[in-house]
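Right, one structure below, let's go through it.
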Amino acid sequence: MSAKDWQSADNGAGQGLRREAEEIARADAAQSAESLETFSPEAMRQMVHELRVHQIELEMQNEELRQAQVELDVSRARYFDLYDLAPVGYCSINESGLVLQANLNAAALLGVARGELVRQPISRFIFREDQDIYYRFRKQLLESGEPQWCDLQLLKSDGTFFWAQLAATVAHEADGEPLLCIVMNDISERKRVEAERAYFDQLLQVKNSELENARQVADKANRAKSDFLSSMSHELRTPLSAILGFAQLIESGSTPPTPSQQRSIEQILKAGWYLLELINEILDLALIESGKLSLSIEPVSLPEVLLECQTMIEAQAQQHAIQVVFPQFENPCFIKADRMRVKQVLINLLSNAIKYNRVGGSVVVECTAQHADTLRISVRDTGAGLDPERIAQLFQPFNRLGQNAGTEEGTGIGLVVSKRLIELMGGVIGVDSTVGTGSVFWIELNLTAEVQTASAASAARGQTGVPLHTLLYVEDNPANLLLVEDIIARWPDIRFLSAQNSIDGIKLARSSRPDVILMDINLPGISGLEAMKILAKDPETAHIPVVALSANAMPHDIQKGLEAGFFRYLTKPIMVNEFLETMDVAFKYAKAAAARAGSESDNSEPAH
């Protein structure tokens with residue numbers, strides 16, 4: 001009902017009341033005319049005065065009533081404006097489900113005129129599949145009397161449908177009949193977004209499943225790749241161990257080789273070490289690319305590392321007649337890095353600076369602070385230099401920048417490995433070069449104030465005349481056995497024992513009680529790792545240091561071996577100096593362990 005309808009109803013009711021009042025007044029006036037004759041003049045004046053007062057009061061009350069009526073009309077008009085122009089649909093429904101009233105937006109949502117909507121069953125506009133939702137909603141509302149909400153699809157007069165949310169409360173009319181007051185809100189856009197989100201969630205689940213399957217396939221491929229690399233490393237290092245080991249023995253033998261033999265030995269060693277370098281760099285690159293290279297980041301003394309690099313690079317520099325200048329440090333300087341890997345990078349940069357320098361040139365190593373916590377280590381050469389085009393090709397695998405036809409050997413992946421290693425250590429590598437002047441390759445690493453206590457250098461090897469030691473070598477490869485036997489033969493105070501499988505090695509260890517055991521990993525039957533564990537559990541052999549010597553040279557192989565309990569882990573091909581230093585440490589450890597065991601035995605004897 002509109003505001004105009006309400007106004008008409010109010011006017012009709014007022015006219016009826018006025019007619020009734022006029023009839024009563026006429027009756028009273030007739031009675032008063034009969035009684036006026038009995039009133040005195042003074043009483044008449046008093047009555048007139050009272051009537052005027054009542055008239056004024058009535059006029060004032062009438063004015064208040066008129067003002068109240070105006071305000072009521074304005075309020076009622078405002079209410080119906082809000083009702084009709086609300087952005088949501090309103091309608092009231094009786095207990096039978098018929099629409100009693102509806103605002104304009106409700107009629108617009110359903111696509112009908114408001115007049116046509118009144119007295120229509122609301123179920124006519126509910127999607128057939130959602131009828132049960134509406135009846136459960138209506139039943140719960142009437143039973144509980146609490147506000148209710150539901151989402152369902154409503155049909156328009158043209159047959160299309162839309163999603164609506166119904167919010168309803170229940171009221172009661174004067175006769176007690178329940179009245180459902182319903183608010184309708186179009187939520188089609190929200191439902192569309194929810195449907196899209198559900199679709200994309202499902203799509204995401206499918207993609208995640210596909211990614212998980214792909215990850216599992218990639219992990220399987222990486223494991224296969226790691227197994228292949230480990231196997232390849234072992235198969236290549238085993239023959240190289242014999243080649244390089246025997247060549248070093250011949251070169252350093254008590255009977256010097258002839259000049260012709262020396263040249264041949266040099267070629268064998270050169271080719272062998274180059275092949276070993278190629279194997280190491282390819283394996284390093286493969287490990288880095290697969291994300292399985294583990295680094296031990298710790299405070300590293302830069303002066304110590306540079307001194308070691310200087311010692312390692314001197315022979316190559318002398319061979320090429322290159323002067324190498326290293327910086328002098330007045331104060332300790334520590335960088336955060338992996339000691340072995342940062343030395344590997346510096347050796348690569350120094351080696352390149354020497355190889356691609358001019359005859360009689362120089363290489364200068366400089367250290368400069370870039371920031372309060374960053375240090376730049378530069379390797380400056382006096383070579384031919386690089387133009388911008390070739391600089392852009394640096395750090396590409398197997399790209400030697402046109403040096404393939406030159407006399408200098410190289411793998412073309414050293415700089416690639418160096419770049420990856422420096423980045424894994426949180427640093428940066430770069431180059432500045434001028435054609436005809438030379439190049440500066442530099443790395444930047446983080447400084448640290450922490451001090452890493454360095455272990456003392458290994459003492460010189462034992463001299464003849466000290467108590468006899470026994471070394472047991474468990475190895476199934478005859479060439480490796482012969483090589484180690486020839487190396488040990490130069491130590492007259494060492495008794496050498498050997499076994500070609502783990503079972504025999506364990507028996508020999510228990511019977512002969514060697515001071516040190518040298519153990520291969522890949523042995524027939526029981527592996528060297530299992531044999532070491534058996535010896536460690538036996539009280540008779542648990543004190544004997546077991547040194548691994550294996551062609552399994554992957555970082556995870558070394559870490560696994562050390563964690564399992566090996567005293568040291570050496571890799572093939574054997575580097576004679578490193579091997580001898582390790583044997584020194586192992587024999588000294590065995591001697592100290594024997595002394596401790598003897599002291600404990602003496603302390604346990606009863607006093608006489």
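Quick note on naming: the chains in the structure tokens go A, B, ... in the order shown, residues restart at 1 in each chain, and ligands are numbered from 1 in order of appearance.
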
>> So that I can see what lies close to Met519 of chain A, please list as number ranges by chain the residues with an atom at most 9 Å from it, counting only C-alpha atoms and leaving out residues fewer than 2 positions away in the same chain.
In response: A: 472-475, 502, 505, 517, 521, 528-529, 531-532, 546-550

> Can you list, as JSON, numbers by chain, every protein, DNA or RNA residue that comes within 7 Å of segment 382-390 of chain A when you count only C-alpha atoms, leaving out same-chain residues fewer than 2 positions away?
Replying inline: {"A": [356, 357, 358, 361, 362, 363, 392, 393, 394, 401, 433, 434, 435, 436, 437, 438, 439]}

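Here atom CA of Ala224 of chain A stands at a distance of 22.2 Å from atom CA of Thr571 of chain A.
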
>> I need the residues of segment 534-603 of chain A that end up classed as helix (DSSP H, G or I) by DSSP on the backbone, written out as a ChimeraX atom specification.
In response: /A:534-537,555-564,576-603

Within 9 Å of segment 311-317 of chain A, counting only C-alpha atoms, which residues show up once you throw out same-chain ones fewer than 3 positions away? Write them as a CSV table (one decimal) with all heavy atoms, in the first residue's frame, please.
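Full text of result-v6.csv as output:
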chain,number,residue,atom,x,y,z
A,306,LEU,N,95.8,-18.5,1.0
A,306,LEU,CA,96.7,-18.0,-0.1
A,306,LEU,C,98.1,-18.6,0.0
A,306,LEU,O,98.7,-18.8,-1.1
A,306,LEU,CB,96.7,-16.5,0.0
A,306,LEU,CG,95.4,-15.7,-0.3
A,306,LEU,CD1,95.6,-14.2,-0.2
A,306,LEU,CD2,95.0,-16.1,-1.8
A,307,LEU,N,98.6,-18.9,1.2
A,307,LEU,CA,99.9,-19.5,1.3
A,307,LEU,C,99.9,-20.9,0.7
A,307,LEU,O,100.8,-21.3,0.0
A,307,LEU,CB,100.3,-19.5,2.8
A,307,LEU,CG,101.8,-20.1,3.0
A,307,LEU,CD1,102.8,-19.3,2.3
A,307,LEU,CD2,102.0,-20.1,4.5
A,308,GLU,N,98.8,-21.6,1.0
A,308,GLU,CA,98.7,-23.0,0.4
A,308,GLU,C,98.6,-22.9,-1.1
A,308,GLU,O,99.2,-23.7,-1.9
A,308,GLU,CB,97.5,-23.7,1.0
A,308,GLU,CG,97.6,-24.0,2.4
A,308,GLU,CD,96.3,-24.6,3.0
A,308,GLU,OE1,95.4,-25.0,2.2
A,308,GLU,OE2,96.2,-24.7,4.2
A,320,HIS,N,106.2,-21.7,-16.7
A,320,HIS,CA,105.8,-20.7,-17.7
A,320,HIS,C,106.6,-19.4,-17.5
A,320,HIS,O,106.3,-18.4,-18.2
A,320,HIS,CB,104.3,-20.4,-17.6
A,320,HIS,CG,103.5,-21.5,-18.0
A,320,HIS,ND1,103.3,-22.7,-17.3
A,320,HIS,CD2,102.7,-21.7,-19.2
A,320,HIS,CE1,102.4,-23.5,-18.0
A,320,HIS,NE2,102.1,-22.9,-19.1
A,321,ALA,N,107.6,-19.3,-16.6
A,321,ALA,CA,108.4,-18.1,-16.4
A,321,ALA,C,107.5,-16.9,-16.0
A,321,ALA,O,107.6,-15.8,-16.5
A,321,ALA,CB,109.2,-17.8,-17.6
A,322,ILE,N,106.5,-17.2,-15.1
A,322,ILE,CA,105.6,-16.2,-14.7
A,322,ILE,C,105.9,-15.8,-13.2
A,322,ILE,O,106.0,-16.7,-12.4
A,322,ILE,CB,104.1,-16.6,-14.8
A,322,ILE,CG1,103.8,-17.0,-16.3
A,322,ILE,CG2,103.2,-15.5,-14.3
A,322,ILE,CD1,103.8,-15.9,-17.2
A,323,GLN,N,106.0,-14.5,-12.9
A,323,GLN,CA,106.2,-14.1,-11.6
A,323,GLN,C,104.8,-13.9,-10.9
A,323,GLN,O,104.0,-13.2,-11.4
A,323,GLN,CB,107.0,-12.8,-11.5
A,323,GLN,CG,107.2,-12.3,-10.1
A,323,GLN,CD,107.9,-10.9,-10.1
A,323,GLN,OE1,107.9,-10.2,-11.1
A,323,GLN,NE2,108.3,-10.5,-8.9
A,324,VAL,N,104.7,-14.6,-9.8
A,324,VAL,CA,103.4,-14.5,-9.0
A,324,VAL,C,103.6,-13.8,-7.7
A,324,VAL,O,104.5,-14.2,-7.0
A,324,VAL,CB,102.8,-15.9,-8.8
A,324,VAL,CG1,101.4,-15.8,-8.1
A,324,VAL,CG2,102.6,-16.7,-10.1
A,347,ILE,N,92.8,-21.5,-7.0
A,347,ILE,CA,93.7,-22.3,-7.8
A,347,ILE,C,93.3,-22.2,-9.3
A,347,ILE,O,94.2,-22.1,-10.2
A,347,ILE,CB,93.8,-23.8,-7.3
A,347,ILE,CG1,94.5,-23.8,-6.0
A,347,ILE,CG2,94.5,-24.6,-8.4
A,347,ILE,CD1,96.0,-23.4,-6.0
A,350,LEU,N,94.2,-18.7,-10.6
A,350,LEU,CA,95.6,-18.5,-10.7
A,350,LEU,C,96.2,-19.4,-11.8
A,350,LEU,O,97.0,-18.9,-12.6
A,350,LEU,CB,96.3,-19.0,-9.4
A,350,LEU,CG,96.1,-18.0,-8.2
A,350,LEU,CD1,96.5,-18.7,-6.9
A,350,LEU,CD2,96.9,-16.8,-8.4
A,351,SER,N,95.7,-20.6,-12.0
A,351,SER,CA,96.1,-21.4,-13.1
A,351,SER,C,95.8,-20.8,-14.4
A,351,SER,O,96.6,-20.8,-15.4
A,351,SER,CB,95.5,-22.8,-13.0
A,351,SER,OG,95.9,-23.7,-14.0
A,354,ILE,N,98.1,-17.9,-15.2
A,354,ILE,CA,99.4,-18.3,-15.6
A,354,ILE,C,99.4,-18.9,-17.0
A,354,ILE,O,100.2,-18.6,-17.9
A,354,ILE,CB,100.0,-19.4,-14.6
A,354,ILE,CG1,100.3,-18.7,-13.3
A,354,ILE,CG2,101.3,-20.0,-15.2
A,354,ILE,CD1,100.6,-19.7,-12.2
A,355,LYS,N,98.4,-19.8,-17.3
A,355,LYS,CA,98.4,-20.4,-18.6
A,355,LYS,C,98.2,-19.5,-19.8
A,355,LYS,O,98.8,-19.6,-20.8
A,355,LYS,CB,97.2,-21.5,-18.6
A,355,LYS,CG,97.6,-22.7,-17.8
A,355,LYS,CD,96.6,-23.9,-18.1
A,355,LYS,CE,95.2,-23.5,-17.7
A,355,LYS,NZ,94.2,-24.7,-17.9

Env of Leu445 of chain A: 10 Å cut, atoms = only C-alpha atoms, seq-sep filter 2 positions within chain, self excluded. Answer as a tab-separated table (two decimals) with N, CA and C atoms, in the first residue's frame.
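Result saved to out.tsv:
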chain	number	residue	atom	x	y	z
A	335	ILE	N	87.49	-15.15	6.33
A	335	ILE	CA	86.32	-15.05	5.44
A	335	ILE	C	85.38	-16.21	5.74
A	336	LYS	N	84.11	-16.01	5.44
A	336	LYS	CA	83.12	-17.08	5.62
A	336	LYS	C	83.04	-17.87	4.32
A	337	ALA	N	83.55	-19.09	4.34
A	337	ALA	CA	83.62	-19.89	3.11
A	337	ALA	C	83.86	-21.34	3.46
A	342	VAL	N	86.96	-22.75	-1.62
A	342	VAL	CA	87.53	-21.44	-1.96
A	342	VAL	C	88.95	-21.60	-2.47
A	369	ALA	N	89.17	-4.34	0.77
A	369	ALA	CA	87.85	-4.32	1.42
A	369	ALA	C	86.89	-3.51	0.56
A	370	GLN	N	85.76	-4.09	0.22
A	370	GLN	CA	84.73	-3.40	-0.54
A	370	GLN	C	83.77	-2.65	0.38
A	373	ASP	N	81.95	-5.44	5.61
A	373	ASP	CA	81.85	-6.88	5.80
A	373	ASP	C	82.12	-7.67	4.54
A	374	THR	N	82.74	-7.07	3.54
A	374	THR	CA	83.00	-7.75	2.27
A	374	THR	C	84.44	-7.52	1.84
A	375	LEU	N	85.08	-8.60	1.34
A	375	LEU	CA	86.47	-8.52	0.86
A	375	LEU	C	86.53	-8.99	-0.59
A	376	ARG	N	87.28	-8.24	-1.43
A	376	ARG	CA	87.48	-8.64	-2.82
A	376	ARG	C	88.89	-9.19	-2.98
A	377	ILE	N	88.97	-10.38	-3.55
A	377	ILE	CA	90.26	-11.02	-3.87
A	377	ILE	C	90.40	-10.99	-5.39
A	422	ILE	N	81.24	-20.03	-5.77
A	422	ILE	CA	81.27	-18.73	-5.10
A	422	ILE	C	79.86	-18.28	-4.75
A	423	GLU	N	78.93	-18.48	-5.66
A	423	GLU	CA	77.54	-18.09	-5.39
A	423	GLU	C	76.94	-18.92	-4.26
A	425	MET	N	78.52	-19.97	-1.79
A	425	MET	CA	79.12	-19.47	-0.55
A	425	MET	C	78.68	-18.04	-0.25
A	426	GLY	N	77.69	-17.54	-0.99
A	426	GLY	CA	77.15	-16.21	-0.74
A	426	GLY	C	77.99	-15.09	-1.30
A	427	GLY	N	78.85	-15.40	-2.27
A	427	GLY	CA	79.73	-14.39	-2.84
A	427	GLY	C	79.40	-14.06	-4.27
A	428	VAL	N	80.31	-13.28	-4.89
A	428	VAL	CA	80.13	-12.83	-6.27
A	428	VAL	C	81.47	-13.00	-6.99
A	429	ILE	N	81.40	-13.36	-8.28
A	429	ILE	CA	82.60	-13.47	-9.09
A	429	ILE	C	82.42	-12.60	-10.33
A	443	ILE	N	86.83	-12.22	-6.94
A	443	ILE	CA	85.72	-12.81	-6.19
A	443	ILE	C	85.50	-11.95	-4.95
A	447	LEU	N	83.34	-11.15	5.07
A	447	LEU	CA	84.32	-11.21	6.16
A	447	LEU	C	83.63	-11.66	7.44
A	448	THR	N	84.40	-12.18	8.38
A	448	THR	CA	83.87	-12.55	9.68
A	448	THR	C	84.92	-12.26	10.74

>> Please list as an MDAnalysis selection string every residue within 9 Å of segment 258-265 of chain A, counting only C-alpha atoms and excluding residues in the same chain fewer than 5 positions away.
In response: chainID A and resid 247:248 250:251 270

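Across the structure, atom CA of Gln267 of chain A and atom CA of Leu482 of chain A are spaced 22.2 Å apart.
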
>> Just to confirm, what's the straight-line distance from atom CA of Ile187 of chain A to atom CA of Trp163 of chain A in Å (one decimal)?
In response: 5.4 Å

> Which one of A:Phe587, A:Asn480, A:Val516, A:Thr470 sits closest to Pro492 of chain A if you count only C-alpha atoms?
Replying inline: A:Thr470

> Out of segment 29-274 of chain A, which residues get strand (DSSP E or B) from DSSP, as a PyMOL selection string?
Replying inline: chain A and resi 89-94+98-102+121+126+148-155+161-172+178-186

Output file for the residues above (C-alpha atoms, as an mmCIF file, in the first residue's frame):
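Ended up saving to result.cif:
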data_model
loop_
_atom_site.group_PDB
_atom_site.id
_atom_site.type_symbol
_atom_site.label_atom_id
_atom_site.label_comp_id
_atom_site.auth_asym_id
_atom_site.auth_seq_id
_atom_site.Cartn_x
_atom_site.Cartn_y
_atom_site.Cartn_z
ATOM 1 C CA GLY A 89 13.885 -7.076 -2.313
ATOM 2 C CA TYR A 90 11.349 -7.037 0.555
ATOM 3 C CA CYS A 91 8.136 -9.025 0.712
ATOM 4 C CA SER A 92 5.759 -10.309 3.363
ATOM 5 C CA ILE A 93 4.194 -13.755 3.022
ATOM 6 C CA ASN A 94 1.294 -15.261 4.943
ATOM 7 C CA LEU A 98 1.019 -16.038 -0.627
ATOM 8 C CA VAL A 99 2.751 -12.691 -1.149
ATOM 9 C CA LEU A 100 0.892 -9.964 0.737
ATOM 10 C CA GLN A 101 3.214 -7.030 0.097
ATOM 11 C CA ALA A 102 6.394 -6.484 -1.958
ATOM 12 C CA PRO A 121 2.442 -18.070 -4.165
ATOM 13 C CA ILE A 126 11.558 -20.858 -6.741
ATOM 14 C CA GLN A 148 16.904 -17.911 9.146
ATOM 15 C CA TRP A 149 19.084 -17.702 6.018
ATOM 16 C CA CYS A 150 19.383 -19.846 2.912
ATOM 17 C CA ASP A 151 20.804 -19.691 -0.627
ATOM 18 C CA LEU A 152 18.645 -20.891 -3.517
ATOM 19 C CA GLN A 153 17.830 -20.171 -7.159
ATOM 20 C CA LEU A 154 14.849 -17.980 -8.067
ATOM 21 C CA LEU A 155 13.110 -17.953 -11.433
ATOM 22 C CA PHE A 161 17.130 -17.845 -12.942
ATOM 23 C CA PHE A 162 19.517 -16.200 -10.509
ATOM 24 C CA TRP A 163 21.062 -17.044 -7.168
ATOM 25 C CA ALA A 164 19.449 -15.297 -4.186
ATOM 26 C CA GLN A 165 20.019 -15.274 -0.472
ATOM 27 C CA LEU A 166 16.814 -15.235 1.587
ATOM 28 C CA ALA A 167 16.899 -13.783 5.100
ATOM 29 C CA ALA A 168 13.622 -14.047 6.991
ATOM 30 C CA THR A 169 12.035 -13.227 10.328
ATOM 31 C CA VAL A 170 8.574 -14.139 11.565
ATOM 32 C CA ALA A 171 5.967 -11.657 12.913
ATOM 33 C CA HIS A 172 2.315 -12.040 13.883
ATOM 34 C CA PRO A 178 2.173 -15.669 11.412
ATOM 35 C CA LEU A 179 3.654 -13.326 8.817
ATOM 36 C CA LEU A 180 6.983 -14.112 7.110
ATOM 37 C CA CYS A 181 9.069 -11.023 6.376
ATOM 38 C CA ILE A 182 11.651 -11.949 3.740
ATOM 39 C CA VAL A 183 14.635 -10.033 2.368
ATOM 40 C CA MET A 184 15.920 -11.153 -1.064
ATOM 41 C CA ASN A 185 19.460 -10.346 -2.176
ATOM 42 C CA ASP A 186 20.940 -11.208 -5.582
#

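For the choices A:Glu530, A:Glu194, A:Glu57, A:Asp338, the atom-to-atom distance to Val300 of chain A is smallest for A:Asp338 when using only C-alpha atoms.
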
>> Here is a test: counting only C-alpha atoms, which residue of A:Ala108, A:Leu421, A:Ala449, A:Ile574 is nearest to Gly291 of chain A?
In response: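 Checking each candidate against Gly291 of chain A, we get A:Leu421 as the closest.
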
> What's the 7 Å shell around Val417 of chain A, counting only C-alpha atoms, without same-chain residues fewer than 3 positions away, as a VMD selection string?
Replying inline: chain A and resid 284 to 285 413 to 414 420 to 421

> Which of these, A:Lys572, A:Lys139, A:Arg380, A:His556, has the shortest distance to Ser241 of chain A once you count only C-alpha atoms?
Replying inline: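 Ranking A:Lys572, A:Lys139, A:Arg380, A:His556 by distance to Ser241 of chain A, first place goes to A:Lys572.
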
>> My list of candidates is A:Ile503, A:Gly159, A:Glu189, A:Val325. Which is closest to Arg128 of chain A when distances are computed with only C-alpha atoms?
In response: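 Distance minimum relative to Arg128 of chain A lands on A:Gly159.
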